[in-house]
>>> print(open('entry_22.txt').read())   # compact mmCIF, C-alpha atoms and all ligand atoms
# COMPACT_ATOMS: atom_id res chain seq x y z
CA MET A 203 10.41 -9.64 14.83
CA LYS A 204 10.14 -6.06 16.00
CA PHE A 205 10.91 -3.54 13.30
CA ALA A 206 11.85 0.09 13.69
CA ILE A 207 10.84 2.74 11.22
CA ILE A 208 12.84 5.93 10.95
CA GLY A 209 10.64 8.57 9.41
CA GLY A 210 12.11 11.47 7.48
CA SER A 211 10.59 14.66 6.10
CA GLY A 212 6.89 14.14 5.50
CA LEU A 213 6.68 11.25 7.98
CA THR A 214 7.08 12.55 11.52
CA SER A 215 4.44 10.21 12.94
CA LEU A 216 2.66 7.01 11.98
CA ALA A 217 -1.10 7.48 11.75
CA GLY A 218 -3.05 4.47 12.99
CA LEU A 219 -0.50 3.48 15.63
CA GLU A 220 -2.27 2.02 18.67
CA ASN A 221 -1.27 1.39 22.31
CA VAL A 222 1.39 4.06 21.95
CA ARG A 223 4.16 4.33 24.53
CA ARG A 224 7.14 6.69 24.48
CA GLN A 225 10.60 5.61 25.61
CA VAL A 226 13.41 8.02 26.38
CA VAL A 227 16.73 6.29 25.65
CA ARG A 228 20.07 7.63 26.82
CA THR A 229 23.05 6.51 24.76
CA PRO A 230 26.84 6.75 25.10
CA TYR A 231 26.70 9.00 22.01
CA GLY A 232 24.25 11.61 23.29
CA ASP A 233 20.55 12.03 22.71
CA PRO A 234 18.59 10.54 19.81
CA SER A 235 16.31 12.79 17.76
CA GLY A 236 13.55 12.18 20.31
CA PRO A 237 11.93 9.51 22.45
CA LEU A 238 11.22 6.24 20.65
CA THR A 239 7.55 5.65 19.93
CA HIS A 240 6.43 2.06 20.51
CA GLY A 241 3.04 0.95 19.30
CA GLN A 242 1.05 -1.47 17.25
CA LEU A 243 0.05 -1.14 13.63
CA GLN A 244 -2.88 -3.46 12.88
CA GLY A 245 -1.91 -5.50 15.94
CA VAL A 246 1.81 -5.78 15.10
CA ASP A 247 4.45 -4.27 17.43
CA LEU A 248 6.84 -1.74 15.97
CA MET A 249 8.88 1.30 16.96
CA PHE A 250 9.12 4.64 15.28
CA LEU A 251 11.59 7.49 15.43
CA ALA A 252 11.28 10.85 13.67
CA ARG A 253 14.76 11.47 12.25
CA HIS A 254 14.45 15.26 12.30
CA GLY A 255 12.71 15.30 15.70
CA TYR A 256 8.96 15.26 16.24
CA GLY A 257 8.81 18.99 15.54
CA HIS A 258 11.05 18.64 12.45
CA THR A 259 13.74 20.92 13.87
CA ILE A 260 16.98 18.92 13.43
CA THR A 261 18.81 19.54 10.14
CA PRO A 262 20.43 16.60 8.27
CA HIS A 263 24.01 17.38 9.34
CA GLU A 264 22.95 17.94 12.98
CA ILE A 265 21.16 14.61 13.38
CA ASN A 266 22.84 12.39 15.94
CA TYR A 267 22.83 9.30 13.71
CA ARG A 268 24.89 7.28 16.16
CA ALA A 269 22.48 7.93 19.04
CA ASN A 270 19.47 7.11 16.84
CA VAL A 271 20.80 3.79 15.56
CA TRP A 272 22.23 2.77 18.95
CA ALA A 273 18.93 3.61 20.70
CA LEU A 274 16.86 1.55 18.26
CA LYS A 275 19.22 -1.43 18.50
CA HIS A 276 19.22 -1.35 22.31
CA ALA A 277 15.44 -0.95 22.44
CA GLY A 278 15.24 -4.27 20.61
CA ALA A 279 14.90 -3.45 16.92
CA ASP A 280 15.43 -6.56 14.78
CA GLY A 281 15.60 -4.41 11.66
CA ILE A 282 15.22 -0.84 10.48
CA VAL A 283 13.30 0.61 7.57
CA SER A 284 14.40 4.13 6.83
CA VAL A 285 11.92 6.29 4.97
CA ALA A 286 13.92 8.84 3.03
CA THR A 287 12.72 11.80 1.03
CA VAL A 288 14.85 12.35 -2.07
CA GLY A 289 15.20 14.29 -5.29
CA GLY A 290 15.02 12.27 -8.51
CA ILE A 291 18.02 12.43 -10.86
CA ARG A 292 17.18 9.55 -13.20
CA ALA A 293 14.49 10.75 -15.63
CA GLU A 294 12.05 7.92 -14.76
CA TYR A 295 12.22 8.79 -11.06
CA GLY A 296 9.81 11.72 -11.06
CA PRO A 297 7.90 13.14 -8.09
CA GLY A 298 5.85 10.53 -6.26
CA THR A 299 8.00 7.55 -7.38
CA LEU A 300 8.88 5.04 -4.65
CA VAL A 301 12.35 3.53 -4.97
CA LEU A 302 14.26 0.87 -3.03
CA PRO A 303 17.83 2.06 -3.47
CA ASP A 304 20.50 -0.63 -3.71
CA GLN A 305 23.65 1.50 -3.61
CA ILE A 306 24.99 4.64 -1.93
CA ILE A 307 27.60 7.26 -2.68
CA ASP A 308 28.46 9.39 0.33
CA TYR A 309 29.24 13.08 -0.31
CA THR A 310 28.78 14.20 3.30
CA HIS A 311 31.55 15.54 5.50
CA GLY A 312 32.13 16.10 9.19
CA ARG A 313 29.46 13.68 10.39
CA ARG A 314 30.22 11.20 13.19
CA GLY A 315 30.10 8.12 11.01
CA THR A 316 31.34 5.19 13.07
CA PHE A 317 30.98 3.49 16.44
CA PHE A 318 34.50 2.12 16.03
CA GLU A 319 36.67 5.01 17.15
CA GLY A 320 38.63 5.93 20.24
CA LEU A 321 41.72 4.34 21.69
CA ASP A 322 39.75 1.59 23.42
CA GLN A 323 38.27 0.35 20.12
CA PRO A 324 40.00 -2.09 17.80
CA VAL A 325 40.23 -0.87 14.19
CA THR A 326 37.20 -2.46 12.52
CA HIS A 327 36.22 -2.39 8.86
CA ILE A 328 32.71 -3.49 8.00
CA ASP A 329 31.87 -4.95 4.59
CA PHE A 330 29.64 -2.39 2.88
CA THR A 331 29.74 -3.64 -0.74
CA TRP A 332 25.95 -3.91 -0.67
CA PRO A 333 24.88 -1.28 1.87
CA TYR A 334 21.25 -2.35 2.25
CA ASP A 335 19.95 -5.62 3.65
CA ASP A 336 18.58 -8.00 1.02
CA GLY A 337 15.96 -9.52 3.28
CA VAL A 338 14.46 -6.17 4.28
CA ARG A 339 14.55 -4.92 0.67
CA GLY A 340 12.87 -8.08 -0.58
CA ARG A 341 10.07 -7.88 1.97
CA LEU A 342 9.48 -4.19 1.19
CA ALA A 343 9.26 -5.04 -2.51
CA ARG A 344 6.77 -7.85 -1.82
CA ALA A 345 4.70 -5.61 0.48
CA ALA A 346 4.39 -3.02 -2.30
CA ALA A 347 3.57 -5.71 -4.87
CA ASN A 348 0.86 -7.20 -2.61
CA LEU A 349 -0.82 -3.78 -2.54
CA GLY A 350 -0.34 -3.13 -6.26
CA GLU A 351 1.91 -0.14 -5.49
CA PRO A 352 4.61 0.39 -8.12
CA MET A 353 8.10 0.50 -6.65
CA ALA A 354 11.43 0.76 -8.49
CA LEU A 355 13.92 -1.81 -7.22
CA VAL A 356 17.27 -0.25 -8.13
CA GLY A 357 18.85 3.11 -7.53
CA THR A 358 22.06 4.66 -6.35
CA TYR A 359 21.44 7.16 -3.55
CA GLY A 360 23.85 10.10 -3.46
CA CYS A 361 23.95 11.58 0.02
CA THR A 362 24.76 15.29 0.12
CA GLN A 363 25.54 17.41 3.14
CA GLY A 364 22.63 19.84 2.97
CA PRO A 365 20.76 21.56 4.37
CA ARG A 366 20.70 23.54 1.16
CA LEU A 367 19.55 21.84 -2.01
CA GLU A 368 22.12 21.20 -4.75
CA THR A 369 23.16 23.31 -7.72
CA ALA A 370 22.33 22.07 -11.22
CA ALA A 371 26.03 21.41 -11.82
CA GLU A 372 26.32 19.38 -8.62
CA ILE A 373 23.40 17.24 -9.79
CA ARG A 374 25.08 16.77 -13.21
CA ARG A 375 28.18 15.59 -11.36
CA LEU A 376 26.16 13.18 -9.21
CA GLU A 377 24.56 11.87 -12.41
CA ARG A 378 27.97 11.30 -14.01
CA ASP A 379 28.97 9.45 -10.85
CA GLY A 380 25.99 7.13 -11.35
CA CYS A 381 23.55 8.54 -8.78
CA ASP A 382 19.84 8.10 -9.51
CA LEU A 383 18.57 9.79 -6.34
CA VAL A 384 19.81 12.54 -4.07
CA GLY A 385 19.07 12.95 -0.38
CA MET A 386 20.74 14.26 2.75
CA THR A 387 20.21 11.66 5.46
CA GLY A 388 21.08 8.24 4.07
CA MET A 389 24.60 8.39 5.49
CA PRO A 390 26.06 7.63 7.93
CA GLU A 391 22.81 6.00 9.08
CA ALA A 392 23.10 2.95 6.80
CA ALA A 393 26.75 2.31 7.74
CA LEU A 394 26.04 2.64 11.46
CA ALA A 395 23.24 0.09 11.21
CA ARG A 396 25.66 -2.29 9.46
CA GLU A 397 28.25 -1.71 12.19
CA LEU A 398 25.70 -2.78 14.80
CA GLU A 399 24.53 -5.65 12.56
CA VAL A 400 20.96 -4.39 12.35
CA PRO A 401 19.38 -5.31 8.98
CA TYR A 402 18.56 -1.98 7.35
CA ALA A 403 17.00 -0.79 4.11
CA ALA A 404 15.75 2.53 2.81
CA LEU A 405 12.46 3.29 1.13
CA ALA A 406 13.04 6.43 -0.90
CA VAL A 407 10.20 8.74 -1.78
CA VAL A 408 10.92 11.09 -4.67
CA ALA A 409 9.63 14.52 -3.67
CA ASN A 410 10.93 16.53 -6.64
CA HIS A 411 13.07 16.42 -9.74
CA ALA A 412 16.62 17.18 -8.59
CA ALA A 413 18.02 20.65 -9.34
CA GLY A 414 18.26 21.35 -13.07
CA LYS A 415 16.16 18.30 -14.03
CA GLY A 416 12.59 18.07 -15.34
CA ASP A 417 10.38 20.80 -13.90
CA SER A 418 13.23 21.81 -11.55
CA CYS A 419 15.20 23.39 -14.44
CA ASP A 420 14.77 26.86 -13.00
CA GLY A 421 14.37 26.01 -9.34
CA ILE A 422 12.73 23.61 -6.94
CA SER A 423 9.25 24.44 -5.71
CA LEU A 424 9.00 23.78 -1.99
CA GLU A 425 5.18 23.95 -2.11
CA ALA A 426 5.10 21.27 -4.78
CA ILE A 427 7.36 19.09 -2.60
CA GLY A 428 4.87 19.36 0.28
CA ALA A 429 1.94 18.37 -1.92
CA THR A 430 3.82 15.42 -3.46
CA LEU A 431 4.89 14.14 -0.05
CA ASP A 432 1.38 14.29 1.39
CA GLY A 433 0.13 11.94 -1.31
CA ALA A 434 3.16 9.68 -1.36
CA MET A 435 3.38 9.19 2.42
CA ALA A 436 -0.18 7.86 2.53
CA ARG A 437 1.02 5.10 0.15
CA VAL A 438 4.17 4.59 2.23
CA ARG A 439 2.12 4.11 5.41
CA ARG A 440 0.07 1.35 3.75
CA ILE A 441 3.22 -0.36 2.52
CA LEU A 442 4.77 -0.18 6.00
CA ALA A 443 1.65 -1.68 7.55
CA GLU A 444 1.78 -4.55 5.05
CA PHE A 445 5.53 -4.91 5.64
CA VAL A 446 5.21 -5.32 9.43
CA ARG A 447 2.25 -7.67 8.99
CA MET A 448 4.38 -9.86 6.69
CA ALA A 449 7.37 -9.71 9.06
CA ALA A 450 5.18 -10.80 11.98
CA ASN A 451 3.91 -13.79 9.94
CA GLY A 452 7.37 -14.67 8.67
CA ASP A 453 6.21 -13.99 5.05
N1 LIG B 501 18.15 17.09 -2.86
C1 LIG B 501 18.53 16.59 -1.66
N2 LIG B 501 17.68 16.13 -0.77
C2 LIG B 501 16.37 16.12 -1.09
C3 LIG B 501 15.90 16.63 -2.30
C4 LIG B 501 16.85 17.13 -3.25
O1 LIG B 501 16.49 17.59 -4.35
N3 LIG B 501 14.55 16.50 -2.30
C5 LIG B 501 14.22 15.92 -1.10
N4 LIG B 501 15.31 15.70 -0.36
>>> encode(input="entry_22.txt", output="structure tokens")
Amino acid sequence: MKFAIIGGSGLTSLAGLENVRRQVVRTPYGDPSGPLTHGQLQGVDLMFLARHGYGHTITPHEINYRANVWALKHAGADGIVSVATVGGIRAEYGPGTLVLPDQIIDYTHGRRGTFFEGLDQPVTHIDFTWPYDDGVRGRLARAAANLGEPMALVGTYGCTQGPRLETAAEIRRLERDGCDLVGMTGMPEAALARELEVPYAALAVVANHAAGKGDSCDGISLEAIGATLDGAMARVRRILAEFVRMAANGD
């Protein structure tokens, strides 16, 4: 098993990666966010891609999701773990909480969201009832449990267009819709992975209370987000290392 990790804000590289090699992949859909990084984490092969580019310059709506997912699949990824920074809507999901979302609501617009388009492509509808892969979710949950890291196992991820953060009223609407988390990059990435039949799950890291909630009643502090992410990503890196170790052993 060779897993790919797509890192979001706060995770533009994987510390501890050894025998690193970069691979530039050209795709029929244009350029991915950057070269793929291949390496070994504690002796286990994996690949890594920084979703926003290695210099964090690509905004959520400008990411070439199709090129990223296609490149990882064609470089041999047997599965993808997407690390996603989010705002917490549900009261229990405060800053620093790690969540394995199990559902998505897509509020984005104008993104290239399918490989199945163009006159040469048959009309194809994927089943997306459960957008995340059970096997990948289960192994992530076990990896966190092995390390004693608390992780919430349910959550509906509302994907907004960005790059601006939401208004308080938009967050109230997302809450009424049943969203527990809000982020900007979960879609169309998850659907594209399903189209290419690559098992995919997201590990969401709550960076802040969503707009109008908790200590974000009067605004969202970007400095506080940075501090929260620094701490949380150290935990995420340990969980990812345990995850790839388990995948390599078939655990
Ligand atoms: N909204 C959308 N995306 C985010 C947020 C948020 O509050 N925090 C981190 N990513």
>>> atom_distance(input="entry_22.txt", atom1="atom CA of Thr310 of chain A", atom2="atom CA of Ala370 of chain A")
17.7 Å
>>> atom_distance(input="entry_22.txt", atom1="atom CA of Leu405 of chain A", atom2="atom CA of Val227 of chain A")
25.1 Å
>>> closest_atom_pairs(input="entry_22.txt", of="chain A", to="ligand LIG 501 (chain B)", cutoff="8 Å", atoms="all atoms listed in the file", output="JSON lines")
{"residue": "A:Ala286", "atom": "CA", "partner": "B:LIG501", "partner_atom": "N4", "distance": 7.8}
{"residue": "A:Thr287", "atom": "CA", "partner": "B:LIG501", "partner_atom": "C5", "distance": 4.9}
{"residue": "A:Val288", "atom": "CA", "partner": "B:LIG501", "partner_atom": "C5", "distance": 3.8}
{"residue": "A:Gly289", "atom": "CA", "partner": "B:LIG501", "partner_atom": "O1", "distance": 3.7}
{"residue": "A:Gly290", "atom": "CA", "partner": "B:LIG501", "partner_atom": "O1", "distance": 6.9}
{"residue": "A:Cys361", "atom": "CA", "partner": "B:LIG501", "partner_atom": "C1", "distance": 7.6}
{"residue": "A:Thr362", "atom": "CA", "partner": "B:LIG501", "partner_atom": "C1", "distance": 6.6}
{"residue": "A:Gly364", "atom": "CA", "partner": "B:LIG501", "partner_atom": "C1", "distance": 7.0}
{"residue": "A:Arg366", "atom": "CA", "partner": "B:LIG501", "partner_atom": "C1", "distance": 7.8}
{"residue": "A:Leu367", "atom": "CA", "partner": "B:LIG501", "partner_atom": "N1", "distance": 5.0}
{"residue": "A:Glu368", "atom": "CA", "partner": "B:LIG501", "partner_atom": "N1", "distance": 6.0}
{"residue": "A:Val384", "atom": "CA", "partner": "B:LIG501", "partner_atom": "C1", "distance": 4.9}
{"residue": "A:Gly385", "atom": "CA", "partner": "B:LIG501", "partner_atom": "N2", "distance": 3.5}
{"residue": "A:Met386", "atom": "CA", "partner": "B:LIG501", "partner_atom": "N2", "distance": 5.0}
{"residue": "A:Val408", "atom": "CA", "partner": "B:LIG501", "partner_atom": "C5", "distance": 6.9}
{"residue": "A:Ala409", "atom": "CA", "partner": "B:LIG501", "partner_atom": "C5", "distance": 5.4}
{"residue": "A:Asn410", "atom": "CA", "partner": "B:LIG501", "partner_atom": "N3", "distance": 5.7}
{"residue": "A:His411", "atom": "CA", "partner": "B:LIG501", "partner_atom": "O1", "distance": 6.5}
{"residue": "A:Ala412", "atom": "CA", "partner": "B:LIG501", "partner_atom": "O1", "distance": 4.3}
{"residue": "A:Ala413", "atom": "CA", "partner": "B:LIG501", "partner_atom": "O1", "distance": 6.1}
{"residue": "A:Ile422", "atom": "CA", "partner": "B:LIG501", "partner_atom": "O1", "distance": 7.6}
{"residue": "A:Ile427", "atom": "CA", "partner": "B:LIG501", "partner_atom": "N3", "distance": 7.6}
>>> closest_residue(input="entry_22.txt", among="A:Ile260, A:Leu302, A:Ala371, A:Ile307", to="Ala393 of chain A", atoms="all atoms listed in the file")
A:Ile307
>>> atom_distance(input="entry_22.txt", atom1="atom CA of Arg314 of chain A", atom2="atom CA of Gly388 of chain A")
13.2 Å
>>> closest_residue(input="entry_22.txt", among="A:Leu300, A:Ala443, A:Leu219, A:Ala434", to="Gly357 of chain A", atoms="all atoms listed in the file")
A:Leu300
>>> closest_residue(input="entry_22.txt", among="A:Leu398, A:Leu431, A:Leu321, A:Met448", to="Gly298 of chain A", atoms="only C-alpha atoms")
A:Leu431
>>> closest_residue(input="entry_22.txt", among="A:Tyr309, A:Trp272, A:Tyr359, A:Phe445", to="Leu342 of chain A", atoms="only C-alpha atoms")
A:Phe445
>>> residues_near_point(input="entry_22.txt", point="(3.7, -4.0, 10.2)", cutoff="10 Å", atoms="all atoms listed in the file", output="VMD selection string")
chain A and resid 203 to 207 242 to 248 345 439 to 451
>>> closest_residue(input="entry_22.txt", among="A:Asp335, A:Glu425, A:Asp453, A:Glu372", to="Ala395 of chain A", atoms="only C-alpha atoms")
A:Asp335
>>> decode(input="entry_22.txt", residues="segment 239-357 of chain A", atoms="C-alpha atoms", output="PDB file, in the first residue's frame")
ATOM      1  CA  THR A 239       7.045  14.506  -2.797  1.00  0.00           C
ATOM      2  CA  HIS A 240       7.885  10.820  -2.378  1.00  0.00           C
ATOM      3  CA  GLY A 241       9.617   9.657   0.758  1.00  0.00           C
ATOM      4  CA  GLN A 242       9.602   7.352   3.712  1.00  0.00           C
ATOM      5  CA  LEU A 243       8.133   8.002   7.126  1.00  0.00           C
ATOM      6  CA  GLN A 244       9.671   5.614   9.666  1.00  0.00           C
ATOM      7  CA  GLY A 245      10.628   3.328   6.789  1.00  0.00           C
ATOM      8  CA  VAL A 246       7.209   3.336   5.080  1.00  0.00           C
ATOM      9  CA  ASP A 247       6.797   4.744   1.546  1.00  0.00           C
ATOM     10  CA  LEU A 248       4.310   7.534   1.030  1.00  0.00           C
ATOM     11  CA  MET A 249       3.687  10.564  -1.159  1.00  0.00           C
ATOM     12  CA  PHE A 250       2.803  14.067  -0.167  1.00  0.00           C
ATOM     13  CA  LEU A 251       1.303  17.018  -1.978  1.00  0.00           C
ATOM     14  CA  ALA A 252       0.786  20.516  -0.574  1.00  0.00           C
ATOM     15  CA  ARG A 253      -2.712  21.467  -1.721  1.00  0.00           C
ATOM     16  CA  HIS A 254      -2.043  25.209  -1.729  1.00  0.00           C
ATOM     17  CA  GLY A 255       1.440  24.806  -3.245  1.00  0.00           C
ATOM     18  CA  TYR A 256       4.667  24.501  -1.275  1.00  0.00           C
ATOM     19  CA  GLY A 257       4.746  28.270  -0.813  1.00  0.00           C
ATOM     20  CA  HIS A 258       1.038  28.366   0.169  1.00  0.00           C
ATOM     21  CA  THR A 259       0.104  30.626  -2.745  1.00  0.00           C
ATOM     22  CA  ILE A 260      -2.883  28.867  -4.371  1.00  0.00           C
ATOM     23  CA  THR A 261      -6.299  29.919  -3.027  1.00  0.00           C
ATOM     24  CA  PRO A 262      -9.033  27.285  -2.477  1.00  0.00           C
ATOM     25  CA  HIS A 263     -11.032  28.144  -5.612  1.00  0.00           C
ATOM     26  CA  GLU A 264      -7.875  28.265  -7.770  1.00  0.00           C
ATOM     27  CA  ILE A 265      -6.596  24.820  -6.793  1.00  0.00           C
ATOM     28  CA  ASN A 266      -6.524  22.440  -9.732  1.00  0.00           C
ATOM     29  CA  TYR A 267      -8.254  19.603  -7.869  1.00  0.00           C
ATOM     30  CA  ARG A 268      -8.509  17.452 -10.977  1.00  0.00           C
ATOM     31  CA  ALA A 269      -4.781  17.673 -11.697  1.00  0.00           C
ATOM     32  CA  ASN A 270      -3.924  16.926  -8.051  1.00  0.00           C
ATOM     33  CA  VAL A 271      -6.109  13.831  -7.765  1.00  0.00           C
ATOM     34  CA  TRP A 272      -5.192  12.549 -11.234  1.00  0.00           C
ATOM     35  CA  ALA A 273      -1.457  13.026 -10.529  1.00  0.00           C
ATOM     36  CA  LEU A 274      -1.619  11.108  -7.245  1.00  0.00           C
ATOM     37  CA  LYS A 275      -3.604   8.258  -8.796  1.00  0.00           C
ATOM     38  CA  HIS A 276      -1.206   7.947 -11.733  1.00  0.00           C
ATOM     39  CA  ALA A 277       1.830   8.126  -9.447  1.00  0.00           C
ATOM     40  CA  GLY A 278       0.481   5.000  -7.768  1.00  0.00           C
ATOM     41  CA  ALA A 279      -1.489   6.181  -4.737  1.00  0.00           C
ATOM     42  CA  ASP A 280      -3.575   3.338  -3.283  1.00  0.00           C
ATOM     43  CA  GLY A 281      -5.435   5.800  -1.086  1.00  0.00           C
ATOM     44  CA  ILE A 282      -5.503   9.449  -0.092  1.00  0.00           C
ATOM     45  CA  VAL A 283      -5.693  11.085   3.306  1.00  0.00           C
ATOM     46  CA  SER A 284      -6.627  14.716   3.022  1.00  0.00           C
ATOM     47  CA  VAL A 285      -5.652  16.916   5.934  1.00  0.00           C
ATOM     48  CA  ALA A 286      -8.148  19.758   6.044  1.00  0.00           C
ATOM     49  CA  THR A 287      -8.156  22.839   8.221  1.00  0.00           C
ATOM     50  CA  VAL A 288     -11.687  23.820   9.235  1.00  0.00           C
ATOM     51  CA  GLY A 289     -13.774  26.096  11.404  1.00  0.00           C
ATOM     52  CA  GLY A 290     -15.874  24.404  14.085  1.00  0.00           C
ATOM     53  CA  ILE A 291     -19.644  24.972  13.993  1.00  0.00           C
ATOM     54  CA  ARG A 292     -20.782  22.305  16.459  1.00  0.00           C
ATOM     55  CA  ALA A 293     -20.098  23.599  19.984  1.00  0.00           C
ATOM     56  CA  GLU A 294     -17.982  20.566  20.994  1.00  0.00           C
ATOM     57  CA  TYR A 295     -15.690  21.056  17.994  1.00  0.00           C
ATOM     58  CA  GLY A 296     -13.518  23.838  19.387  1.00  0.00           C
ATOM     59  CA  PRO A 297     -10.028  24.842  18.247  1.00  0.00           C
ATOM     60  CA  GLY A 298      -7.578  21.944  18.255  1.00  0.00           C
ATOM     61  CA  THR A 299     -10.261  19.224  17.887  1.00  0.00           C
ATOM     62  CA  LEU A 300      -9.492  16.495  15.333  1.00  0.00           C
ATOM     63  CA  VAL A 301     -12.532  15.214  13.445  1.00  0.00           C
ATOM     64  CA  LEU A 302     -13.067  12.477  10.864  1.00  0.00           C
ATOM     65  CA  PRO A 303     -15.967  13.904   8.875  1.00  0.00           C
ATOM     66  CA  ASP A 304     -18.470  11.402   7.488  1.00  0.00           C
ATOM     67  CA  GLN A 305     -20.603  13.677   5.314  1.00  0.00           C
ATOM     68  CA  ILE A 306     -20.240  16.697   3.022  1.00  0.00           C
ATOM     69  CA  ILE A 307     -22.448  19.515   1.831  1.00  0.00           C
ATOM     70  CA  ASP A 308     -20.987  21.373  -1.132  1.00  0.00           C
ATOM     71  CA  TYR A 309     -21.592  25.145  -1.297  1.00  0.00           C
ATOM     72  CA  THR A 310     -18.853  25.865  -3.840  1.00  0.00           C
ATOM     73  CA  HIS A 311     -19.459  27.123  -7.362  1.00  0.00           C
ATOM     74  CA  GLY A 312     -17.526  27.331 -10.593  1.00  0.00           C
ATOM     75  CA  ARG A 313     -14.970  24.651  -9.715  1.00  0.00           C
ATOM     76  CA  ARG A 314     -14.065  21.951 -12.244  1.00  0.00           C
ATOM     77  CA  GLY A 315     -15.672  19.102 -10.355  1.00  0.00           C
ATOM     78  CA  THR A 316     -15.647  16.047 -12.598  1.00  0.00           C
ATOM     79  CA  PHE A 317     -13.438  13.992 -14.896  1.00  0.00           C
ATOM     80  CA  PHE A 318     -16.558  12.867 -16.751  1.00  0.00           C
ATOM     81  CA  GLU A 319     -17.211  15.741 -19.127  1.00  0.00           C
ATOM     82  CA  GLY A 320     -16.686  16.447 -22.790  1.00  0.00           C
ATOM     83  CA  LEU A 321     -18.325  14.891 -25.797  1.00  0.00           C
ATOM     84  CA  ASP A 322     -16.011  11.869 -25.759  1.00  0.00           C
ATOM     85  CA  GLN A 323     -17.072  10.902 -22.219  1.00  0.00           C
ATOM     86  CA  PRO A 324     -20.135   8.808 -21.421  1.00  0.00           C
ATOM     87  CA  VAL A 325     -22.443  10.402 -18.836  1.00  0.00           C
ATOM     88  CA  THR A 326     -21.325   8.824 -15.554  1.00  0.00           C
ATOM     89  CA  HIS A 327     -22.868   9.223 -12.107  1.00  0.00           C
ATOM     90  CA  ILE A 328     -20.820   8.029  -9.164  1.00  0.00           C
ATOM     91  CA  ASP A 329     -22.471   6.878  -5.944  1.00  0.00           C
ATOM     92  CA  PHE A 330     -21.552   9.470  -3.320  1.00  0.00           C
ATOM     93  CA  THR A 331     -24.035   8.614  -0.539  1.00  0.00           C
ATOM     94  CA  TRP A 332     -21.098   8.132   1.829  1.00  0.00           C
ATOM     95  CA  PRO A 333     -18.403  10.419   0.436  1.00  0.00           C
ATOM     96  CA  TYR A 334     -15.479   9.116   2.495  1.00  0.00           C
ATOM     97  CA  ASP A 335     -13.951   5.655   2.379  1.00  0.00           C
ATOM     98  CA  ASP A 336     -14.802   3.495   5.392  1.00  0.00           C
ATOM     99  CA  GLY A 337     -11.522   1.608   5.377  1.00  0.00           C
ATOM    100  CA  VAL A 338      -9.379   4.753   5.406  1.00  0.00           C
ATOM    101  CA  ARG A 339     -11.585   6.361   8.075  1.00  0.00           C
ATOM    102  CA  GLY A 340     -11.415   3.261  10.258  1.00  0.00           C
ATOM    103  CA  ARG A 341      -7.634   3.049  10.060  1.00  0.00           C
ATOM    104  CA  LEU A 342      -7.275   6.764  10.864  1.00  0.00           C
ATOM    105  CA  ALA A 343      -9.520   6.287  13.897  1.00  0.00           C
ATOM    106  CA  ARG A 344      -7.466   3.286  15.070  1.00  0.00           C
ATOM    107  CA  ALA A 345      -4.194   5.162  14.512  1.00  0.00           C
ATOM    108  CA  ALA A 346      -5.421   8.005  16.731  1.00  0.00           C
ATOM    109  CA  ALA A 347      -6.695   5.551  19.356  1.00  0.00           C
ATOM    110  CA  ASN A 348      -3.340   3.692  19.409  1.00  0.00           C
ATOM    111  CA  LEU A 349      -1.641   6.990  20.263  1.00  0.00           C
ATOM    112  CA  GLY A 350      -4.275   8.047  22.804  1.00  0.00           C
ATOM    113  CA  GLU A 351      -5.199  11.054  20.644  1.00  0.00           C
ATOM    114  CA  PRO A 352      -8.881  11.997  20.938  1.00  0.00           C
ATOM    115  CA  MET A 353     -10.633  12.146  17.574  1.00  0.00           C
ATOM    116  CA  ALA A 354     -14.330  12.778  16.866  1.00  0.00           C
ATOM    117  CA  LEU A 355     -15.722  10.231  14.423  1.00  0.00           C
ATOM    118  CA  VAL A 356     -18.713  12.060  12.929  1.00  0.00           C
ATOM    119  CA  GLY A 357     -19.192  15.419  11.313  1.00  0.00           C
TER     120      GLY A 357
END
